[in-house]
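Chemist: Enclosed is the structure file protein33.txt (compact mmCIF, C-alpha atoms).
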# COMPACT_ATOMS: atom_id res chain seq x y z
CA MET A 1474 100.73 73.86 77.66
CA LEU A 1475 104.29 75.11 77.20
CA LEU A 1476 106.25 78.30 77.90
CA THR A 1477 109.95 78.74 77.25
CA LEU A 1478 112.09 81.58 78.54
CA THR A 1479 115.48 82.21 76.93
CA THR A 1480 118.28 84.64 77.76
CA THR A 1481 121.64 85.38 76.16
CA MET A 1482 122.93 87.56 78.99
CA PRO A 1483 126.56 87.08 80.10
CA GLN A 1484 126.75 83.94 82.23
CA ALA A 1485 123.33 82.98 80.90
CA THR A 1486 122.98 80.10 83.37
CA ASP A 1487 122.46 82.76 86.05
CA LEU A 1488 118.86 82.47 84.86
CA GLY A 1489 118.72 79.55 87.28
CA PHE A 1490 119.51 81.87 90.19
CA LEU A 1491 116.83 84.32 89.09
CA LEU A 1492 114.19 81.61 88.72
CA HIS A 1493 115.36 79.72 91.84
CA LYS A 1494 115.39 76.53 89.77
CA HIS A 1495 118.69 74.73 89.11
CA PRO A 1496 119.50 74.15 85.39
CA ASP A 1497 120.78 70.63 86.10
CA LYS A 1498 117.50 69.47 87.59
CA ALA A 1499 114.05 68.66 86.25
CA GLN A 1500 111.44 69.48 88.87
CA THR A 1501 107.70 68.89 89.21
CA PHE A 1502 105.28 70.98 91.26
CA PRO A 1503 101.60 70.24 92.04
CA VAL A 1504 99.24 73.02 90.93
CA SER A 1505 95.46 73.29 90.93
CA ALA A 1506 95.19 72.36 87.24
CA GLY A 1507 97.50 69.34 87.42
CA ALA A 1508 101.30 69.32 87.49
CA ALA A 1509 103.90 71.90 86.43
CA HIS A 1510 107.27 70.66 85.20
CA VAL A 1511 110.36 72.92 85.03
CA PHE A 1512 113.42 71.88 83.03
CA TYR A 1513 116.19 73.45 80.95
CA PRO A 1514 116.45 72.28 77.30
CA ARG A 1515 119.61 74.37 76.95
CA ALA A 1516 121.97 75.72 79.61
CA THR A 1517 125.30 77.21 78.54
CA ASP A 1518 127.13 80.39 79.47
CA ALA A 1519 126.11 81.84 76.09
CA GLU A 1520 122.42 80.89 76.08
CA CYS A 1521 120.04 79.44 78.63
CA THR A 1522 116.43 78.31 78.15
CA ALA A 1523 114.03 77.43 80.95
CA ALA A 1524 110.81 75.60 80.09
CA LEU A 1525 107.57 75.44 82.05
CA LEU A 1526 105.32 72.59 80.93
CA LEU A 1527 101.86 72.51 82.48
CA GLU A 1528 100.27 69.08 82.40
CA VAL A 1529 96.54 69.68 82.79
CA ASP A 1530 94.17 67.06 84.19
CA PRO A 1531 90.86 67.99 82.49
CA ILE A 1532 88.87 65.41 84.44
CA ALA A 1533 90.08 66.74 87.79
CA LEU A 1534 89.09 70.24 86.72
CA VAL A 1535 85.44 69.32 86.32
CA ARG A 1536 85.21 66.60 88.97
CA GLY A 1537 82.02 67.16 90.94
CA ASP A 1538 80.12 68.80 88.08
CA ARG A 1539 77.06 66.87 86.93
CA GLY A 1540 75.00 66.65 83.80
CA GLN A 1541 77.57 68.22 81.49
CA GLY A 1542 78.33 65.18 79.38
CA LEU A 1543 81.56 64.19 77.71
CA PHE A 1544 82.05 67.56 75.96
CA GLN A 1545 83.17 69.14 79.25
CA TYR A 1546 86.39 67.11 79.03
CA VAL A 1547 87.12 68.08 75.44
CA ASN A 1548 88.36 71.66 75.28
CA ASP A 1549 91.45 73.77 74.67
CA ARG A 1550 92.53 74.05 78.32
CA PRO A 1551 95.29 71.38 78.20
CA TYR A 1552 97.27 73.13 75.45
CA ALA A 1553 96.31 76.84 75.28
CA ALA A 1554 98.13 79.37 77.46
CA SER A 1555 95.48 80.77 79.79
CA SER A 1556 94.79 81.57 83.44
CA MET A 1557 95.93 78.03 84.27
CA LEU A 1558 99.41 78.82 83.01
CA ALA A 1559 99.32 82.15 84.84
CA VAL A 1560 98.52 80.38 88.11
CA ALA A 1561 101.35 77.92 87.47
CA LEU A 1562 103.75 80.85 86.89
CA GLY A 1563 102.68 82.40 90.17
CA THR A 1564 103.12 79.12 92.03
CA VAL A 1565 106.40 77.92 90.55
CA PHE A 1566 108.19 81.26 90.10
CA ARG A 1567 106.70 83.25 92.99
CA THR A 1568 110.05 84.39 94.42
CA ALA A 1569 111.31 85.40 90.98
CA MET A 1570 108.15 87.44 90.37
CA HIS A 1571 108.85 89.33 93.60
CA GLY A 1572 112.35 90.21 92.33
CA ARG A 1573 114.34 88.45 95.05
CA CYS A 1574 117.60 86.55 94.70
CA ASP A 1575 119.56 86.11 97.93
CA ALA A 1576 122.42 84.26 96.24
CA LYS A 1577 123.08 87.09 93.74
CA PRO A 1578 121.12 90.14 94.95
CA GLU A 1579 122.37 92.34 92.11
CA LEU A 1580 120.70 90.20 89.43
CA PRO A 1581 116.97 90.96 89.90
CA GLY A 1582 117.46 94.69 89.24
CA GLN A 1583 119.23 94.16 85.92
CA ASP A 1584 117.59 94.38 82.51
CA ILE A 1585 118.49 91.24 80.58
CA PRO A 1586 117.76 90.08 77.02
CA LEU A 1587 114.76 87.76 77.07
CA ALA A 1588 112.77 85.76 74.55
CA VAL A 1589 109.47 84.16 75.60
CA ARG A 1590 107.84 81.52 73.39
CA LEU A 1591 104.21 80.48 73.78
CA PRO A 1592 103.25 78.07 70.98
CA VAL A 1593 99.46 78.30 71.54
CA VAL A 1594 97.87 81.45 72.92
CA PRO A 1595 94.12 82.18 72.75
CA ALA A 1596 93.90 85.81 71.60
CA ARG A 1597 90.39 87.22 71.77
CA GLY A 1598 91.08 90.40 69.84
CA GLY A 1599 93.69 88.96 67.51
CA ALA A 1600 97.24 90.02 66.76
CA GLU A 1601 96.36 93.70 67.09
CA LEU A 1602 95.36 93.28 70.73
CA VAL A 1603 98.49 91.25 71.45
CA ARG A 1604 100.60 94.16 70.24
CA ARG A 1605 98.52 96.73 72.16
CA LEU A 1606 99.06 94.78 75.36
CA PHE A 1607 102.74 93.89 75.14
CA GLU A 1608 104.47 96.50 73.01
CA PRO A 1609 103.93 99.46 75.41
CA LEU A 1610 105.88 97.41 77.97
CA GLY A 1611 109.00 97.17 75.82
CA TRP A 1612 108.32 93.84 74.10
CA THR A 1613 108.59 93.09 70.40
CA ALA A 1614 105.88 90.59 69.43
CA ASP A 1615 106.30 88.01 66.66
CA ILE A 1616 102.78 86.68 66.07
CA GLN A 1617 101.89 83.75 63.84
CA GLN A 1618 98.20 83.00 63.30
CA ILE A 1619 97.35 79.31 63.76
CA GLU A 1620 95.19 78.53 60.73
CA GLU A 1621 91.68 80.02 60.84
CA SER A 1622 91.39 80.19 64.60
CA ARG A 1623 91.62 82.59 67.50
CA TYR A 1624 94.95 81.06 68.52
CA VAL A 1625 98.40 82.47 67.82
CA ASP A 1626 101.97 81.24 68.14
CA LEU A 1627 103.60 84.06 70.10
CA THR A 1628 107.26 84.97 70.62
CA LEU A 1629 108.06 88.00 72.75
CA SER A 1630 111.53 89.53 72.82
CA GLY A 1631 112.87 92.44 74.82
CA THR A 1632 115.38 93.61 77.41
CA LEU A 1633 113.66 93.75 80.78
CA ARG A 1634 113.95 92.68 84.39
CA LEU A 1635 112.93 89.05 84.72
CA ALA A 1636 110.44 89.91 87.48
CA ASP A 1637 108.72 92.43 85.18
CA ALA A 1638 108.54 89.87 82.37
CA LEU A 1639 106.93 87.23 84.59
CA ASN A 1640 104.42 89.71 86.00
CA HIS A 1641 103.47 90.87 82.49
CA LEU A 1642 102.71 87.27 81.55
CA TYR A 1643 100.88 86.55 84.80
CA VAL A 1644 98.43 89.38 84.11
CA LEU A 1645 98.18 89.44 80.34
CA LEU A 1646 97.72 85.75 79.52
CA PRO A 1647 94.29 85.62 81.20
CA VAL A 1648 93.50 88.99 79.62
CA LEU A 1649 94.17 87.66 76.12
CA ASP A 1650 92.02 84.59 76.81
CA ASP A 1651 89.34 86.79 78.45
CA THR A 1652 88.31 84.02 80.81
CA LYS A 1653 89.44 82.42 84.05
CA HIS A 1654 89.14 78.84 85.14
CA TYR A 1655 88.32 79.76 88.73
CA PHE A 1656 85.88 81.97 90.63
CA VAL A 1657 87.02 85.60 90.68
CA SER A 1658 86.73 87.12 94.15
CA ARG A 1659 87.79 90.48 95.58
CA ASP A 1660 91.23 88.99 96.30
CA GLU A 1661 91.90 89.21 92.57
CA ILE A 1662 92.14 93.01 92.88
CA ASP A 1663 95.18 92.68 95.13
CA LYS A 1664 96.72 90.10 92.78
CA LEU A 1665 96.26 92.45 89.82
CA LEU A 1666 97.74 95.45 91.63
CA ARG A 1667 100.66 93.46 92.97
CA ALA A 1668 101.60 92.03 89.58
CA GLY A 1669 100.88 95.36 87.84
CA GLU A 1670 103.10 97.40 90.15
CA GLY A 1671 105.15 99.92 88.17
CA TRP A 1672 103.50 99.36 84.78
CA LEU A 1673 99.74 98.87 84.87
CA ALA A 1674 98.79 102.37 86.05
CA GLY A 1675 100.35 103.94 82.98
CA HIS A 1676 99.41 101.27 80.44
CA PRO A 1677 97.23 102.68 77.64
CA GLU A 1678 94.99 99.59 77.88
CA ARG A 1679 94.71 99.60 81.68
CA GLU A 1680 90.90 99.63 81.64
CA LEU A 1681 90.65 96.71 79.22
CA ILE A 1682 93.26 94.80 81.24
CA SER A 1683 91.40 95.45 84.49
CA ARG A 1684 88.02 94.52 83.01
CA ARG A 1685 89.17 91.24 81.54
CA TYR A 1686 91.43 90.22 84.44
CA LEU A 1687 88.61 90.85 86.90
CA ALA A 1688 86.05 88.96 84.77
CA HIS A 1689 84.12 92.14 83.88
CA GLN A 1690 82.87 92.54 87.46
CA ARG A 1691 82.17 96.23 87.49
CA GLY A 1692 82.61 96.90 91.21
CA TYR A 1693 85.98 95.14 91.26
CA VAL A 1694 87.13 97.01 88.16
CA ARG A 1695 86.19 100.36 89.63
CA SER A 1696 87.99 99.55 92.88
CA ALA A 1697 91.13 98.44 91.05
CA LEU A 1698 91.27 101.54 88.88
CA GLU A 1699 90.75 103.81 91.87
CA ARG A 1700 93.51 102.11 93.84
CA LEU A 1701 95.97 102.28 90.95
CA GLY A 1702 96.30 105.96 91.81
CA GLU A 1703 97.34 107.06 88.33
CA VAL A 1704 93.87 106.55 86.91
CA ASP A 1705 91.66 109.61 87.10
CA GLU A 1706 88.53 108.57 85.23
CA PHE A 1707 86.58 105.39 84.78
CA GLU A 1708 83.96 105.25 82.06
CA VAL A 1709 80.48 104.43 83.33
CA ASP A 1710 77.31 103.44 81.54
CA GLU A 1711 75.42 106.42 80.14
CA ALA A 1712 72.38 105.27 82.09
CA GLU A 1713 74.29 105.62 85.35
CA PRO A 1714 74.25 109.27 86.47
CA VAL A 1715 77.53 110.16 88.10
CA GLU A 1716 78.73 113.53 89.26
CA ARG A 1717 82.31 114.00 88.10
CA ARG A 1718 84.56 114.52 91.09
CA GLU A 1719 88.29 114.93 91.20
CA SER A 1720 89.95 111.67 92.15
CA LEU A 1721 92.37 111.51 95.04
CA ALA A 1722 95.19 111.10 92.51
CA GLU A 1723 94.18 114.38 90.84
CA LEU A 1724 93.85 116.16 94.18
CA ARG A 1725 97.27 114.89 95.22
CA ARG A 1726 98.98 116.08 92.06
CA GLY A 1727 97.19 119.42 92.31
CA ALA A 1728 98.37 119.88 95.90
CA VAL A 1729 101.96 119.06 94.95
CA LEU A 1730 101.80 121.46 92.02
CA ALA A 1731 100.51 124.27 94.24
CA VAL A 1732 103.41 123.83 96.67
CA LEU A 1733 105.94 123.74 93.83
CA ARG A 1734 104.53 126.95 92.37
CA GLN A 1735 104.72 128.69 95.73
CA SER A 1736 108.28 127.47 96.33
CA GLY A 1737 109.52 129.31 93.25
CA ALA A 1738 111.32 126.17 92.03
CA ARG A 1739 112.50 126.12 88.44
CA ARG A 1740 114.38 122.79 88.43
CA VAL A 1741 112.26 119.90 89.77
CA VAL A 1742 112.98 116.19 90.21
CA ASP A 1743 110.11 113.71 90.58
CA LEU A 1744 111.56 110.80 92.57
CA GLY A 1745 109.51 107.71 91.81
CA CYS A 1746 107.84 109.28 88.79
CA GLY A 1747 106.22 106.04 87.58
CA PRO A 1748 104.48 106.44 84.19
CA GLY A 1749 104.85 110.22 84.40
CA ALA A 1750 101.47 111.66 85.43
CA LEU A 1751 103.07 114.46 87.47
CA LEU A 1752 105.69 115.11 84.78
CA ARG A 1753 102.97 115.82 82.23
CA LEU A 1754 101.33 118.24 84.65
CA LEU A 1755 104.61 120.05 85.30
CA LEU A 1756 105.15 120.47 81.56
CA LYS A 1757 102.07 122.69 81.39
CA GLU A 1758 103.75 125.20 83.71
CA PRO A 1759 106.39 127.50 82.13
CA GLN A 1760 107.84 128.10 85.61
CA PHE A 1761 109.44 124.64 85.59
CA GLU A 1762 112.32 124.99 83.17
CA GLU A 1763 114.05 121.67 83.85
CA ILE A 1764 112.27 118.49 84.97
CA LEU A 1765 113.84 115.16 85.88
CA GLY A 1766 111.79 111.98 86.27
CA VAL A 1767 113.46 109.18 88.24
CA ASP A 1768 112.20 105.65 88.81
CA VAL A 1769 113.70 102.26 89.58
CA SER A 1770 111.32 100.59 87.10
CA THR A 1771 112.45 100.67 83.48
CA SER A 1772 108.97 99.56 82.39
CA ALA A 1773 107.42 102.62 84.03
CA LEU A 1774 110.03 104.86 82.41
CA ARG A 1775 109.30 103.37 78.99
CA ILE A 1776 105.63 104.25 79.40
CA ALA A 1777 106.52 107.75 80.60
CA ALA A 1778 108.79 108.25 77.59
CA ALA A 1779 106.11 107.04 75.16
CA ARG A 1780 103.82 109.81 76.40
CA LEU A 1781 106.34 112.59 75.78
CA ASN A 1782 106.86 114.28 72.43
CA GLU A 1783 110.03 115.80 71.03
CA ARG A 1784 109.18 119.22 72.40
CA ASP A 1785 108.59 117.80 75.90
CA LEU A 1786 112.01 116.18 75.88
CA ARG A 1787 113.65 119.59 75.71
CA ARG A 1788 112.58 120.10 79.32
CA VAL A 1789 112.17 116.56 80.66
CA THR A 1790 114.88 113.97 81.30
CA LEU A 1791 114.14 110.43 82.46
CA ARG A 1792 116.60 108.47 84.58
CA GLN A 1793 116.64 104.97 86.04
CA SER A 1794 117.90 105.09 89.62
CA ALA A 1795 117.16 103.69 93.08
CA LEU A 1796 116.41 106.19 95.83
CA THR A 1797 118.28 104.15 98.41
CA TYR A 1798 121.63 104.90 96.71
CA LYS A 1799 123.35 108.25 96.40
CA ASP A 1800 123.17 109.58 92.85
CA ALA A 1801 125.20 112.67 91.98
CA GLU A 1802 122.82 113.44 89.10
CA LEU A 1803 120.07 114.28 91.61
CA ALA A 1804 121.99 117.15 93.20
CA GLY A 1805 121.37 120.79 92.35
CA TYR A 1806 117.59 120.72 91.89
CA ASP A 1807 115.40 123.34 93.55
CA ALA A 1808 112.71 120.89 94.59
CA ALA A 1809 112.21 117.13 94.88
CA VAL A 1810 108.90 115.27 95.04
CA LEU A 1811 108.33 111.85 96.63
CA MET A 1812 104.64 111.34 95.90
CA GLU A 1813 103.31 108.05 97.32
CA VAL A 1814 106.83 106.60 97.30
CA VAL A 1815 108.12 106.11 100.86
CA GLU A 1816 105.50 103.48 101.73
CA HIS A 1817 106.93 101.22 99.02
CA LEU A 1818 110.28 101.01 100.83
CA ASP A 1819 111.06 98.43 103.48
CA PRO A 1820 111.40 100.34 106.78
CA PRO A 1821 115.10 99.39 107.23
CA ARG A 1822 115.81 101.09 103.86
CA LEU A 1823 114.29 104.44 104.88
CA PRO A 1824 117.53 105.82 106.39
CA ALA A 1825 119.34 105.14 103.10
CA MET A 1826 116.64 107.06 101.20
CA GLU A 1827 116.87 109.91 103.71
CA ARG A 1828 120.64 110.19 103.23
CA SER A 1829 120.28 110.05 99.46
CA VAL A 1830 117.62 112.78 99.28
CA PHE A 1831 118.13 115.05 102.30
CA ALA A 1832 121.91 114.77 102.78
CA ALA A 1833 123.32 114.11 99.31
CA ALA A 1834 120.88 115.66 96.78
CA ARG A 1835 119.76 118.30 99.32
CA PRO A 1836 117.19 120.30 97.33
CA ARG A 1837 115.80 123.50 98.80
CA THR A 1838 112.28 122.00 98.95
CA VAL A 1839 111.24 118.37 99.43
CA ILE A 1840 107.58 117.30 99.17
CA VAL A 1841 106.54 113.92 100.57
CA THR A 1842 103.02 112.48 100.36
CA THR A 1843 101.87 109.16 101.81
CA PRO A 1844 98.57 107.47 102.75
CA ASN A 1845 97.00 108.18 106.13
CA VAL A 1846 96.30 104.67 107.39
CA GLU A 1847 93.70 105.95 109.84
CA TYR A 1848 91.48 106.88 106.88
CA ASN A 1849 91.47 103.35 105.42
CA VAL A 1850 88.31 102.33 107.26
CA ARG A 1851 86.42 104.71 104.94
CA TYR A 1852 87.30 102.61 101.87
CA GLU A 1853 84.61 100.12 100.96
CA GLY A 1854 85.95 96.62 100.44
CA LEU A 1855 89.32 97.25 102.11
CA ALA A 1856 89.70 94.58 104.78
CA ALA A 1857 90.51 95.61 108.35
CA GLY A 1858 94.25 96.02 108.74
CA ALA A 1859 94.86 95.88 104.97
CA PHE A 1860 96.91 98.51 103.15
CA ARG A 1861 95.65 100.43 100.12
CA HIS A 1862 98.10 98.72 97.79
CA PRO A 1863 99.60 95.23 98.10
CA ASP A 1864 103.13 96.57 97.50
CA HIS A 1865 102.97 98.98 100.45
CA ARG A 1866 105.45 97.93 103.13
CA PHE A 1867 103.76 100.13 105.72
CA GLU A 1868 101.22 102.92 106.05
CA TRP A 1869 101.58 105.58 108.74
CA THR A 1870 99.15 107.23 111.11
CA ARG A 1871 99.30 111.02 111.26
CA ALA A 1872 101.35 110.83 114.47
CA GLN A 1873 103.83 108.36 112.95
CA PHE A 1874 104.28 110.45 109.81
CA SER A 1875 104.79 113.60 111.86
CA ALA A 1876 107.38 111.91 114.09
CA TRP A 1877 109.31 110.60 111.07
CA ALA A 1878 109.23 113.92 109.23
CA GLN A 1879 110.29 115.91 112.29
CA ALA A 1880 113.23 113.58 112.93
CA VAL A 1881 114.39 113.86 109.31
CA ALA A 1882 114.05 117.64 109.32
CA SER A 1883 116.02 118.01 112.57
CA GLN A 1884 118.80 115.70 111.43
CA HIS A 1885 119.33 117.29 108.01
CA GLY A 1886 118.68 120.98 108.61
CA TYR A 1887 115.14 121.42 107.31
CA ARG A 1888 111.95 122.79 108.76
CA VAL A 1889 108.72 120.95 108.00
CA GLN A 1890 105.07 121.90 107.44
CA TYR A 1891 102.13 119.47 107.23
CA LEU A 1892 99.27 119.83 104.76
CA PRO A 1893 96.14 117.66 104.20
CA VAL A 1894 95.22 116.29 100.79
CA GLY A 1895 91.63 115.30 100.04
CA GLU A 1896 88.44 115.70 101.99
CA GLN A 1897 89.19 115.61 105.72
CA ASP A 1898 87.31 113.39 108.11
CA PRO A 1899 86.70 115.16 111.45
CA GLU A 1900 88.06 112.18 113.37
CA LEU A 1901 90.37 110.38 110.94
CA GLY A 1902 91.97 113.27 109.06
CA PRO A 1903 92.64 113.38 105.29
CA PRO A 1904 93.13 110.35 103.03
CA THR A 1905 96.60 111.61 102.03
CA GLN A 1906 99.06 113.43 104.25
CA MET A 1907 101.76 115.75 102.95
CA ALA A 1908 104.97 117.07 104.50
CA VAL A 1909 106.76 120.03 102.92
CA PHE A 1910 110.42 120.26 103.93
CA THR A 1911 112.22 123.58 103.44
CA ARG A 1912 115.98 123.70 103.86
CA GLU A 1913 117.24 126.06 106.54
CA GLU A 1914 119.50 128.82 105.29
CA GLU A 1915 123.10 127.83 105.75
CA PRO A 1916 125.62 130.37 107.05
CA SER A 1917 127.70 131.89 104.28
Represent the structure contained in this file as structure tokens.

Modeler:
Amino acid sequence: MLLTLTTTMPQATDLGFLLHKHPDKAQTFPVSAGAAHVFYPRATDAECTAALLLEVDPIALVRGDRGQGLFQYVNDRPYAASSMLAVALGTVFRTAMHGRCDAKPELPGQDIPLAVRLPVVPARGGAELVRRLFEPLGWTADIQQIEESRYVDLTLSGTLRLADALNHLYVLLPVLDDTKHYFVSRDEIDKLLRAGEGWLAGHPERELISRRYLAHQRGYVRSALERLGEVDEFEVDEAEPVERRESLAELRRGAVLAVLRQSGARRVVDLGCGPGALLRLLLKEPQFEEILGVDVSTSALRIAAARLNERDLRRVTLRQSALTYKDAELAGYDAAVLMEVVEHLDPPRLPAMERSVFAAARPRTVIVTTPNVEYNVRYEGLAAGAFRHPDHRFEWTRAQFSAWAQAVASQHGYRVQYLPVGEQDPELGPPTQMAVFTREEEPS
């Protein structure tokens, strides 16, 4: 089972820094399916290729099973890219998937030219499904059918962050195969959300991806789609009577919209816009004449752009930027929204975000929403002490959020008001808490 990853970026051997695997070494790592070998068939400044070869031990995989006969050892698992290869990716390239590179910290955030080759991929759904899964994420797919079979020879090419590319493969290879070689437990929800951060919520095939990745276990699928936050509806069987209720994501966007209307803002920037759910809502309101969507994830911005038509683009601009750095293009807007954004920042980076938004951009109105961690005990299946999303760096109590917001307001010349979002619990408060910052009038 083979995967090759090629880049032609300047100083292409920097791929070794990104993968945390030296181009001059061949390395072997034990994995549950056997052994994973990493080596570089080519490593020059002009072009660098890293290869991951998974050597599967089919006997070890079924050791302990009885009464299956010889046929259990004869299957496609040793050569077809499947959940086994996905697990090997997660084991061998874990740090790269998290987007960390201490030696060259500027590298993980860069889009680089990439080509991924997978000689044998089981594609239940054929070439059409391969394109539906990968092309919305910025990939171009070259698909060659392997005789009269369900297997394809797949080459993906695109310009993306390496971490995004690895996470796409980690999720979508098992989805294409539509099977997993191990028992799927509730932990798989967190794995899916972690790897899907920044792209899965807005993917047009998010339900299919969630269903297949979670082995069609309905309760897990529902939980994953609810926690994605961008997903408002989940189709249920006609025999299952369900009263349609607004999701928390819908309630949150509605609350933000109401505050923006009342503020009188005409120029609005959505900081951390993701796939653009709030942008599309703002477009329905003539009051908002100029809308800017900002996100650090180019994959999320691609999805947002795909959902906008030519007429929308007269009012909406999309921009790739990090909120922890001052960006002159963010200045001059009437209102800024940070909806479910701050909890994704490491706490030491919060002051940088505060300076960027409240001191440099300095809009008249700033809206911040974030989970109320006290409410988490009301979520079925969320373990004690766990956050609502695996990428959350923290989640605040109401007192912690209030203390942070008050300190920011005092330091930067704003006053702050707190509003609940969602159905309030008498003891625990609302599921989402909102702070509305209004800039104090400055002396003329």

Chemist: Counting all atoms listed in the file, write as a PyMOL selection string all protein and nucleic acid residues lying at most 12 Å from (93.7, 82.3, 70.8) in the file's frame.

Modeler: chain A and resi 1549-1550+1552-1555+1591-1600+1602-1603+1616-1627+1646-1652

Chemist: Export, as a PDB file, in the frame of the given file, the selected residues with C-alpha atoms.

Modeler:
ATOM      1  CA  ASP A1549      91.450  73.770  74.670  1.00  0.00           C
ATOM      2  CA  ARG A1550      92.530  74.050  78.320  1.00  0.00           C
ATOM      3  CA  TYR A1552      97.270  73.130  75.450  1.00  0.00           C
ATOM      4  CA  ALA A1553      96.310  76.840  75.280  1.00  0.00           C
ATOM      5  CA  ALA A1554      98.130  79.370  77.460  1.00  0.00           C
ATOM      6  CA  SER A1555      95.480  80.770  79.790  1.00  0.00           C
ATOM      7  CA  LEU A1591     104.210  80.480  73.780  1.00  0.00           C
ATOM      8  CA  PRO A1592     103.250  78.070  70.980  1.00  0.00           C
ATOM      9  CA  VAL A1593      99.460  78.300  71.540  1.00  0.00           C
ATOM     10  CA  VAL A1594      97.870  81.450  72.920  1.00  0.00           C
ATOM     11  CA  PRO A1595      94.120  82.180  72.750  1.00  0.00           C
ATOM     12  CA  ALA A1596      93.900  85.810  71.600  1.00  0.00           C
ATOM     13  CA  ARG A1597      90.390  87.220  71.770  1.00  0.00           C
ATOM     14  CA  GLY A1598      91.080  90.400  69.840  1.00  0.00           C
ATOM     15  CA  GLY A1599      93.690  88.960  67.510  1.00  0.00           C
ATOM     16  CA  ALA A1600      97.240  90.020  66.760  1.00  0.00           C
ATOM     17  CA  LEU A1602      95.360  93.280  70.730  1.00  0.00           C
ATOM     18  CA  VAL A1603      98.490  91.250  71.450  1.00  0.00           C
ATOM     19  CA  ILE A1616     102.780  86.680  66.070  1.00  0.00           C
ATOM     20  CA  GLN A1617     101.890  83.750  63.840  1.00  0.00           C
ATOM     21  CA  GLN A1618      98.200  83.000  63.300  1.00  0.00           C
ATOM     22  CA  ILE A1619      97.350  79.310  63.760  1.00  0.00           C
ATOM     23  CA  GLU A1620      95.190  78.530  60.730  1.00  0.00           C
ATOM     24  CA  GLU A1621      91.680  80.020  60.840  1.00  0.00           C
ATOM     25  CA  SER A1622      91.390  80.190  64.600  1.00  0.00           C
ATOM     26  CA  ARG A1623      91.620  82.590  67.500  1.00  0.00           C
ATOM     27  CA  TYR A1624      94.950  81.060  68.520  1.00  0.00           C
ATOM     28  CA  VAL A1625      98.400  82.470  67.820  1.00  0.00           C
ATOM     29  CA  ASP A1626     101.970  81.240  68.140  1.00  0.00           C
ATOM     30  CA  LEU A1627     103.600  84.060  70.100  1.00  0.00           C
ATOM     31  CA  LEU A1646      97.720  85.750  79.520  1.00  0.00           C
ATOM     32  CA  PRO A1647      94.290  85.620  81.200  1.00  0.00           C
ATOM     33  CA  VAL A1648      93.500  88.990  79.620  1.00  0.00           C
ATOM     34  CA  LEU A1649      94.170  87.660  76.120  1.00  0.00           C
ATOM     35  CA  ASP A1650      92.020  84.590  76.810  1.00  0.00           C
ATOM     36  CA  ASP A1651      89.340  86.790  78.450  1.00  0.00           C
ATOM     37  CA  THR A1652      88.310  84.020  80.810  1.00  0.00           C
TER      38      THR A1652
END

Chemist: Scan for residues within 12 Å of the point (115.0, 85.1, 86.6) in the coordinates of the file, using all atoms listed in the file, and reply as a ChimeraX atom specification.

Modeler: /A:1478-1480,1482,1485-1496,1521-1523,1565-1574,1577-1587,1633-1640

Chemist: So which one's closest to Val1769 (chain A), A:Met1557, A:Val1789, A:Asn1782, A:Trp1672? Using only C-alpha atoms, please.

Modeler: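 Among the listed residues, A:Trp1672 lies closest to Val1769 (chain A).
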
Chemist: If we count all atoms listed in the file and set the cut-off at 9 Å, which residues sit around Val1830 (chain A), ignoring sequence neighbours fewer than 2 positions away in its own chain? Please answer as a PDB file with C-alpha atoms, in the coordinates of the input.

Modeler:
ATOM      1  CA  LEU A1796     116.410 106.190  95.830  1.00  0.00           C
ATOM      2  CA  THR A1797     118.280 104.150  98.410  1.00  0.00           C
ATOM      3  CA  LYS A1799     123.350 108.250  96.400  1.00  0.00           C
ATOM      4  CA  LEU A1803     120.070 114.280  91.610  1.00  0.00           C
ATOM      5  CA  ALA A1804     121.990 117.150  93.200  1.00  0.00           C
ATOM      6  CA  ALA A1809     112.210 117.130  94.880  1.00  0.00           C
ATOM      7  CA  ALA A1825     119.340 105.140 103.100  1.00  0.00           C
ATOM      8  CA  MET A1826     116.640 107.060 101.200  1.00  0.00           C
ATOM      9  CA  GLU A1827     116.870 109.910 103.710  1.00  0.00           C
ATOM     10  CA  ARG A1828     120.640 110.190 103.230  1.00  0.00           C
ATOM     11  CA  ALA A1832     121.910 114.770 102.780  1.00  0.00           C
ATOM     12  CA  ALA A1833     123.320 114.110  99.310  1.00  0.00           C
ATOM     13  CA  ALA A1834     120.880 115.660  96.780  1.00  0.00           C
ATOM     14  CA  ARG A1835     119.760 118.300  99.320  1.00  0.00           C
ATOM     15  CA  PRO A1836     117.190 120.300  97.330  1.00  0.00           C
ATOM     16  CA  VAL A1839     111.240 118.370  99.430  1.00  0.00           C
TER      17      VAL A1839
END

Chemist: Would you mind telling me which residue in A:Ala1688, A:Val1741, A:Leu1610, A:Ala1908 lies nearest to Thr1771 (chain A) when using only C-alpha atoms?

Modeler: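 Ranked by minimum distance to Thr1771 (chain A), first place goes to A:Leu1610.
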
Chemist: Quick one: contact table of region 1785-1856 of chain A to region 1737-1740 of chain A, 9 Å max, nearest atom pair and distance in Å to one decimal per residue, counting all atoms listed in the file, chain and number order, as a Markdown table?

Modeler:
| residue | atom | partner | partner_atom | distance |
| --- | --- | --- | --- | --- |
| A:Gly1805 | CA | A:Arg1740 | CA | 8.3 |
| A:Tyr1806 | CA | A:Arg1740 | CA | 5.2 |
| A:Asp1807 | CA | A:Ala1738 | CA | 5.2 |
| A:Ala1808 | CA | A:Ala1738 | CA | 6.0 |
| A:Ala1809 | CA | A:Arg1740 | CA | 8.9 |
| A:Arg1837 | CA | A:Ala1738 | CA | 8.5 |
| A:Thr1838 | CA | A:Ala1738 | CA | 8.1 |
